[in-house]
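To start, the structure itself, in structure tokens.
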Protein chains: 2
Amino acid sequence: MGFPFEIKAQSGKARAGILKTTRGDIRTPAFMPVGTAATVKAMTTGQVKATGADIILANTYHLMLRPGGERLKRLGGVHSFMNWDKPILTDSGGFQVWSLSGLRKLTEQGVEFASHIDGSRHMLTPEYCIELQADLIGSDIAMQLDECTKFGSSETEAKSSMELSLRWANRCKAAFGARENQALFGIVQGSTFANLREQSAKALLDIGFDGYAIGGLAVGEGHEVMCQVLDYTVPHLPSQSPRYLMGVGKPIDIIESVARGVDMFDCVLPTRAGRHGQAWTWDGPINIRNARFLEDLSPLDASIDCEASSVYSKAYLNHLFKCNEILGQTLLSWHNIAFFQSLMAKIRDAIENQYFEELLTDLRGRWKNK
Amino acid sequence: MGFPFEIKAQSGKARAGILKTTRGDIRTPAFMPVGTAATVKAMTTGQVKATGADIILANTYHLMLRPGGERLKRLGGVHSFMNWDKPILTDSGGFQVWSLSGLRKLTEQGVEFASHIDGSRHMLTPEYCIELQADLIGSDIAMQLDECTKFGSSETEAKSSMELSLRWANRCKAAFGARENQALFGIVQGSTFANLREQSAKALLDIGFDGYAIGGLAVGEGHEVMCQVLDYTVPHLPSQSPRYLMGVGKPIDIIESVARGVDMFDCVLPTRAGRHGQAWTWDGPINIRNARFLEDLSPLDASIDCEASSVYSKAYLNHLFKCNEILGQTLLSWHNIAFFQSLMAKIRDAIENQYFEELLTDLRGRWKNK
């Protein structure tokens, strides 16, 4: 069934809309903070909510290992477990299997892998991946199992990988069936080959999903290539469905992708950078440990309605990081998430009020190569 | 001048009162969370405030090294620096010099020491200790510089040490002078010798302080000896002044000390234990990593009006600690501070409503040897 998706305004290919889920509206373009192990790292859900985030992402791979799918089901599902009552999107687990597990074996059936925590063996099939997400974890939006094609693959390799993902897409769709109050997104693969991206998109459309993700990007291809792939991929996606660019990205990546018609994003950047002392600003990222902030009484951004952004001075944040205080990691994660949400709000406002081109020009100037 | 201290009710030697500072009332008996480096570890000040804490403690030793006294003065003092507008008590720095610095030299003049961070040399005299606290850090309650006599010292050593602390008390008082809106507390020393404790208390009274602390406890003497020292020390302290037992302690230590007439406490226990997975409950401490909490859907304490205590399940907290998630450290620190404040609120209510003896009996039964 999916969720109603209403496009309220457009500016060129950029769209502003609302994806109306049972657990609340998602204003698009949307940035989803990453809550890997059922926690957006170093933040309470109240803090996340206060930034204006309408939806977060949780990682199926991490949750299937800890606390485990069956246990999470017995505990009432991920929303009550982590005290987040808004929508949650889960990835399929396939990407983390590939990046974290030392031992894994890909077959037509699925992916067999060894846990990076204790070496225990697990099997992730398209069917189990859907059961995990939709029934055990209980996410609002589930992703098909796919193979994330390695950047730099040959066309033959990319085609073979993309076709496997399509067969898994079919199996995921069959396993998902018709559900009320939950949605399933397909994932376009095809690496950097326009013809493969087109084939993938068209085949996914034939199967029919509630939304379409673009996978296999943010894997080292760089900003220019990412933009090119979007240029020839997005036009093959239906305009009435939400489009989600997985794992992206930096602010400059986000605005360029919105300009190419993308509606949803997720990335660990704001929280990971925050834990390491990097704060995002309208002039690019700053390293709060820098000595120039030792006596800087200004906040990170007085215009953002967030305690972490507007109350604490850079001097205090510098102090917290120099002392390795946990509160520093919390405040910078919180500020960065607030900054990203503030960026998305500005993007939506710009699309709705017809100044998106000006915003794009301004932000390109500020964030080029940042 | 000190602050008005109004005793509202008594039950035996236990007292309930209000210390009225310029930055707000401190309800006594009071527990002060420790904010070592101008942060109550892993918590925002909003979270600390929400637990009902009326005052926190900050460490002069840590602040004089980072960000530094002069710098902190330029930054506007500790309250605005850390975003805490309620009262702050600072210790004198002497205890941390002794416990953290590798190299230190005690003379009549003061303590010379090498920073545990970078080995830089510093001198802490009674006069500088007061300048640091009252002028540079800007705390509401300053403590005299003292020598914390080692547990197990001979009477001769303890006497000599206590007398040095008295001479420093005189110098601190002179350096402090007459101040509006700030208070200075003296510290009773004398180790485990009743005659020395009496001499120390009487000499401090002759100098005249705004409050009286009992130092040299919580240094390995154990619960019974601590109670004995209080038994023969507190009676020499003036009933109209606040009494502060430094560095104490466990809940059982706190209630036994309140029963002996103590009004104020500080201890790293709730935050340190919280960061290590220990949560305090009315039945004693529990280790949240224990497997019996894997599927325990109950919160730590539904009766405490604190998100960390009443919203999250033990199963979720167990999960966070198993995954080494920062949020686990935040939530358990927060719960423990809330638990300690809840204990103090119950103690005050019991004194005011004449059931303190019953509460004492109940809690002794629950917490003996815990």
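Lettering and numbering for the structure tokens are positional, with chains as A, B, ... in the shown order, residues counted from 1 in each chain, and ligands counted from 1 in the shown order.
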
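Residues of chain B lying within 8 Å of chain A, counting only C-alpha atoms, are Ala37, Thr39, Lys41, Ala42, Met43, Thr44, Arg66, Pro67, Arg71, Arg74, Leu75, Phe81, Met82, Asn83, Glu295, Leu297, Val311, Tyr312, Ser313, Tyr316, His319, Cys323, Glu325, Ile326, Leu327 and Thr330 of chain B.
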
*as a ChimeraX atom specification, please: all residues of stretch 84-191 of chain B that backbone DSSP puts in helix (DSSP H, G or I).*
/B:94-100,126-137,155-176

Given the selection you just returned, output its residues as a file containing C-alpha atoms, formatted as a tab-separated table (two decimals), in the first residue's frame.
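Now in part16.tsv:
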chain	number	residue	atom	x	y	z
B	94	GLY	CA	44.17	20.65	47.53
B	95	PHE	CA	42.64	17.18	47.49
B	96	GLN	CA	43.16	16.70	43.73
B	97	VAL	CA	46.70	18.03	43.92
B	98	TRP	CA	47.35	15.27	46.38
B	99	SER	CA	45.55	12.49	44.52
B	100	LEU	CA	46.31	13.33	40.86
B	126	PRO	CA	45.67	29.76	50.37
B	127	GLU	CA	45.51	33.23	48.83
B	128	TYR	CA	45.57	31.99	45.22
B	129	CYS	CA	43.08	29.24	46.02
B	130	ILE	CA	40.63	31.94	47.17
B	131	GLU	CA	41.37	34.18	44.18
B	132	LEU	CA	40.77	31.20	41.89
B	133	GLN	CA	37.48	30.21	43.45
B	134	ALA	CA	35.95	33.55	44.30
B	135	ASP	CA	37.34	35.84	41.60
B	136	LEU	CA	38.38	33.75	38.59
B	137	ILE	CA	36.01	30.78	38.65
B	155	GLU	CA	48.27	11.46	66.17
B	156	THR	CA	51.44	13.55	65.86
B	157	GLU	CA	51.18	13.63	62.06
B	158	ALA	CA	47.46	14.33	62.19
B	159	LYS	CA	47.96	17.17	64.68
B	160	SER	CA	50.69	18.80	62.64
B	161	SER	CA	48.62	18.48	59.45
B	162	MET	CA	45.49	19.82	61.15
B	163	GLU	CA	47.39	22.80	62.50
B	164	LEU	CA	48.77	23.61	59.04
B	165	SER	CA	45.19	23.52	57.72
B	166	LEU	CA	44.20	25.94	60.48
B	167	ARG	CA	46.96	28.39	59.56
B	168	TRP	CA	45.79	28.13	55.96
B	169	ALA	CA	42.21	28.65	57.14
B	170	ASN	CA	43.28	31.94	58.67
B	171	ARG	CA	44.99	33.04	55.48
B	172	CYS	CA	41.99	31.98	53.36
B	173	LYS	CA	39.64	33.94	55.57
B	174	ALA	CA	41.85	37.02	55.32
B	175	ALA	CA	42.09	36.66	51.54
B	176	PHE	CA	38.35	36.16	51.21

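Remark: for A:Thr281, the closest of the candidate residues A:Pro235, A:Val229, A:Asn336, A:Gly24 is A:Asn336 (distances computed over only C-alpha atoms).
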
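The shortest atom-to-atom distance to A:Asn353, with only C-alpha atoms taken into account, belongs to A:Arg15 out of A:Pro242, A:Asp146, A:Met64, A:Arg15.
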
Can you list every residue of stretch 55-154 of chain B that has an atom at most 10 Å from stretch 264-271 of chain B, with its nearest atom pair and the distance in Å to one decimal, using only C-alpha atoms, ordered by chain then number, as a Markdown table?
| residue | atom | partner | partner_atom | distance |
| --- | --- | --- | --- | --- |
| B:Ile55 | CA | B:Asp266 | CA | 9.9 |
| B:Ile56 | CA | B:Asp266 | CA | 8.2 |
| B:Leu57 | CA | B:Asp266 | CA | 7.2 |
| B:Leu89 | CA | B:Asp266 | CA | 9.8 |

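Atom CA of B:Ile252 sits 16.9 Å away from atom CA of B:Pro33.
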
*asked:* Need to verify the contact set: B:Leu217, 12 Å, only C-alpha atoms, exclusion of same-chain residues closer than 5 positions in sequence. Can you return it as a PyMOL selection string?
replied: chain B and resi 95+148-152+187-192+197+222-230+233+244-249+253+257+265+267

Written file, previous selection with C-alpha atoms, as a PDB file, in the first residue's frame:
ATOM      1  CA  PHE B  95      42.640  17.182  47.486  1.00  0.00           C
ATOM      2  CA  CYS B 148      43.582  16.187  53.609  1.00  0.00           C
ATOM      3  CA  THR B 149      45.235  14.106  56.332  1.00  0.00           C
ATOM      4  CA  LYS B 150      45.948  10.577  55.204  1.00  0.00           C
ATOM      5  CA  PHE B 151      43.887   7.848  56.902  1.00  0.00           C
ATOM      6  CA  GLY B 152      46.107   5.878  59.255  1.00  0.00           C
ATOM      7  CA  ILE B 187      37.234  22.435  56.865  1.00  0.00           C
ATOM      8  CA  VAL B 188      37.588  20.425  60.073  1.00  0.00           C
ATOM      9  CA  GLN B 189      40.527  18.025  60.011  1.00  0.00           C
ATOM     10  CA  GLY B 190      42.073  15.840  62.729  1.00  0.00           C
ATOM     11  CA  SER B 191      41.807  12.392  61.214  1.00  0.00           C
ATOM     12  CA  THR B 192      40.309   9.843  63.628  1.00  0.00           C
ATOM     13  CA  ARG B 197      38.693  17.163  65.614  1.00  0.00           C
ATOM     14  CA  GLY B 222      35.134   2.736  56.121  1.00  0.00           C
ATOM     15  CA  HIS B 223      31.560   3.344  57.143  1.00  0.00           C
ATOM     16  CA  GLU B 224      31.872   2.603  60.891  1.00  0.00           C
ATOM     17  CA  VAL B 225      34.857   4.873  61.471  1.00  0.00           C
ATOM     18  CA  MET B 226      33.230   7.607  59.413  1.00  0.00           C
ATOM     19  CA  CYS B 227      30.155   7.431  61.654  1.00  0.00           C
ATOM     20  CA  GLN B 228      32.313   7.541  64.790  1.00  0.00           C
ATOM     21  CA  VAL B 229      34.194  10.622  63.581  1.00  0.00           C
ATOM     22  CA  LEU B 230      30.879  12.339  62.861  1.00  0.00           C
ATOM     23  CA  THR B 233      32.909  16.045  65.503  1.00  0.00           C
ATOM     24  CA  TYR B 244      29.142  19.690  54.711  1.00  0.00           C
ATOM     25  CA  LEU B 245      30.658  16.207  54.618  1.00  0.00           C
ATOM     26  CA  MET B 246      33.120  16.222  51.745  1.00  0.00           C
ATOM     27  CA  GLY B 247      33.274  13.404  49.193  1.00  0.00           C
ATOM     28  CA  VAL B 248      30.490  11.308  50.745  1.00  0.00           C
ATOM     29  CA  GLY B 249      29.062   9.072  49.541  1.00  0.00           C
ATOM     30  CA  ASP B 253      26.718   6.852  54.269  1.00  0.00           C
ATOM     31  CA  SER B 257      25.441  11.219  58.217  1.00  0.00           C
ATOM     32  CA  PHE B 265      27.174  16.079  50.480  1.00  0.00           C
ATOM     33  CA  CYS B 267      30.305  12.460  45.557  1.00  0.00           C
TER      34      CYS B 267
END

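Between atom CA of B:Thr107 and atom CA of B:Ala58 lies a distance of 25.3 Å.
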
*Could you please write out, as a PyMOL selection string, every residue of stretch 75-275 of chain B that DSSP assigns to strand (DSSP E or B)?*
chain B and resi 88-90+104-106+111-114+121-124+141-143+183-188+211-214+243-245+264-267

Just write the chosen residues, N, CA and C atoms, as a CSV table (one decimal), in the first residue's frame.
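Dumped to result-v6.csv:
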chain,number,residue,atom,x,y,z
B,88,ILE,N,27.0,27.1,42.6
B,88,ILE,CA,28.2,26.2,42.4
B,88,ILE,C,29.1,26.3,43.6
B,89,LEU,N,29.5,25.2,44.2
B,89,LEU,CA,30.5,25.1,45.2
B,89,LEU,C,31.8,24.6,44.6
B,90,THR,N,32.9,25.2,44.9
B,90,THR,CA,34.2,24.7,44.4
B,90,THR,C,35.0,24.2,45.6
B,104,ARG,N,54.5,16.7,43.9
B,104,ARG,CA,54.0,17.9,44.6
B,104,ARG,C,54.8,18.1,45.9
B,105,LYS,N,54.9,19.3,46.3
B,105,LYS,CA,55.7,19.6,47.5
B,105,LYS,C,54.9,20.5,48.4
B,106,LEU,N,54.7,20.1,49.6
B,106,LEU,CA,54.0,20.9,50.6
B,106,LEU,C,54.9,21.7,51.4
B,111,VAL,N,51.0,24.5,48.2
B,111,VAL,CA,51.4,23.3,47.6
B,111,VAL,C,51.9,23.6,46.2
B,112,GLU,N,53.1,23.2,45.9
B,112,GLU,CA,53.7,23.3,44.6
B,112,GLU,C,53.5,21.9,43.9
B,113,PHE,N,53.0,21.9,42.6
B,113,PHE,CA,52.7,20.6,42.0
B,113,PHE,C,52.9,20.7,40.5
B,114,ALA,N,53.0,19.5,39.9
B,114,ALA,CA,53.1,19.4,38.5
B,114,ALA,C,51.8,18.9,37.9
B,121,ARG,N,54.3,23.3,36.0
B,121,ARG,CA,54.4,23.6,37.4
B,121,ARG,C,53.5,24.7,37.9
B,122,HIS,N,52.8,24.4,39.0
B,122,HIS,CA,51.9,25.4,39.5
B,122,HIS,C,52.1,25.5,41.0
B,123,MET,N,51.6,26.6,41.6
B,123,MET,CA,51.7,26.8,43.0
B,123,MET,C,50.3,27.2,43.5
B,124,LEU,N,49.8,26.4,44.5
B,124,LEU,CA,48.5,26.7,45.1
B,124,LEU,C,48.7,27.1,46.5
B,141,ILE,N,30.1,29.2,46.7
B,141,ILE,CA,30.7,28.8,47.9
B,141,ILE,C,32.1,28.3,47.7
B,142,ALA,N,33.0,28.9,48.4
B,142,ALA,CA,34.4,28.5,48.2
B,142,ALA,C,34.9,27.8,49.5
B,143,MET,N,35.8,26.9,49.3
B,143,MET,CA,36.4,26.1,50.4
B,143,MET,C,37.8,26.6,50.7
B,183,ALA,N,30.2,32.8,49.7
B,183,ALA,CA,30.4,32.3,51.1
B,183,ALA,C,31.7,31.5,51.1
B,184,LEU,N,32.3,31.4,52.3
B,184,LEU,CA,33.5,30.6,52.5
B,184,LEU,C,33.3,29.6,53.6
B,185,PHE,N,33.7,28.4,53.3
B,185,PHE,CA,33.5,27.3,54.3
B,185,PHE,C,34.9,26.9,54.8
B,186,GLY,N,35.0,26.7,56.2
B,186,GLY,CA,36.2,26.1,56.7
B,186,GLY,C,36.1,24.6,56.7
B,187,ILE,N,37.2,23.9,56.9
B,187,ILE,CA,37.2,22.4,56.9
B,187,ILE,C,37.9,21.9,58.1
B,188,VAL,N,37.1,21.1,58.9
B,188,VAL,CA,37.6,20.4,60.1
B,188,VAL,C,38.5,19.2,59.7
B,211,GLY,N,30.2,28.4,56.8
B,211,GLY,CA,29.7,27.0,56.9
B,211,GLY,C,30.9,26.2,57.3
B,212,TYR,N,30.7,24.9,57.7
B,212,TYR,CA,31.8,24.1,58.2
B,212,TYR,C,31.7,22.7,57.5
B,213,ALA,N,32.9,22.4,56.9
B,213,ALA,CA,33.0,21.1,56.3
B,213,ALA,C,33.7,20.1,57.1
B,214,ILE,N,33.5,18.9,57.0
B,214,ILE,CA,34.3,17.8,57.6
B,214,ILE,C,35.1,17.1,56.5
B,243,ARG,N,26.5,22.3,57.5
B,243,ARG,CA,27.6,21.4,57.7
B,243,ARG,C,27.7,20.5,56.5
B,244,TYR,N,28.9,20.4,56.0
B,244,TYR,CA,29.1,19.7,54.7
B,244,TYR,C,30.2,18.6,54.9
B,245,LEU,N,29.8,17.4,54.5
B,245,LEU,CA,30.7,16.2,54.6
B,245,LEU,C,31.2,16.0,53.2
B,264,MET,N,25.1,18.8,53.9
B,264,MET,CA,25.5,18.8,52.5
B,264,MET,C,26.4,17.7,52.2
B,265,PHE,N,26.3,17.2,50.9
B,265,PHE,CA,27.2,16.1,50.5
B,265,PHE,C,27.6,16.3,49.0
B,266,ASP,N,28.7,15.7,48.6
B,266,ASP,CA,29.0,15.6,47.2
B,266,ASP,C,29.7,14.3,47.0
B,267,CYS,N,29.6,13.7,45.8
B,267,CYS,CA,30.3,12.5,45.6
B,267,CYS,C,30.2,12.2,44.1

*Pick out the residues sitting within 8 Å of A:Gln341, and hand them over as an MDAnalysis selection string; count only C-alpha atoms, and ignore anything fewer than 6 positions along from it in its own chain.*
chainID A and resid 30:31 51:53
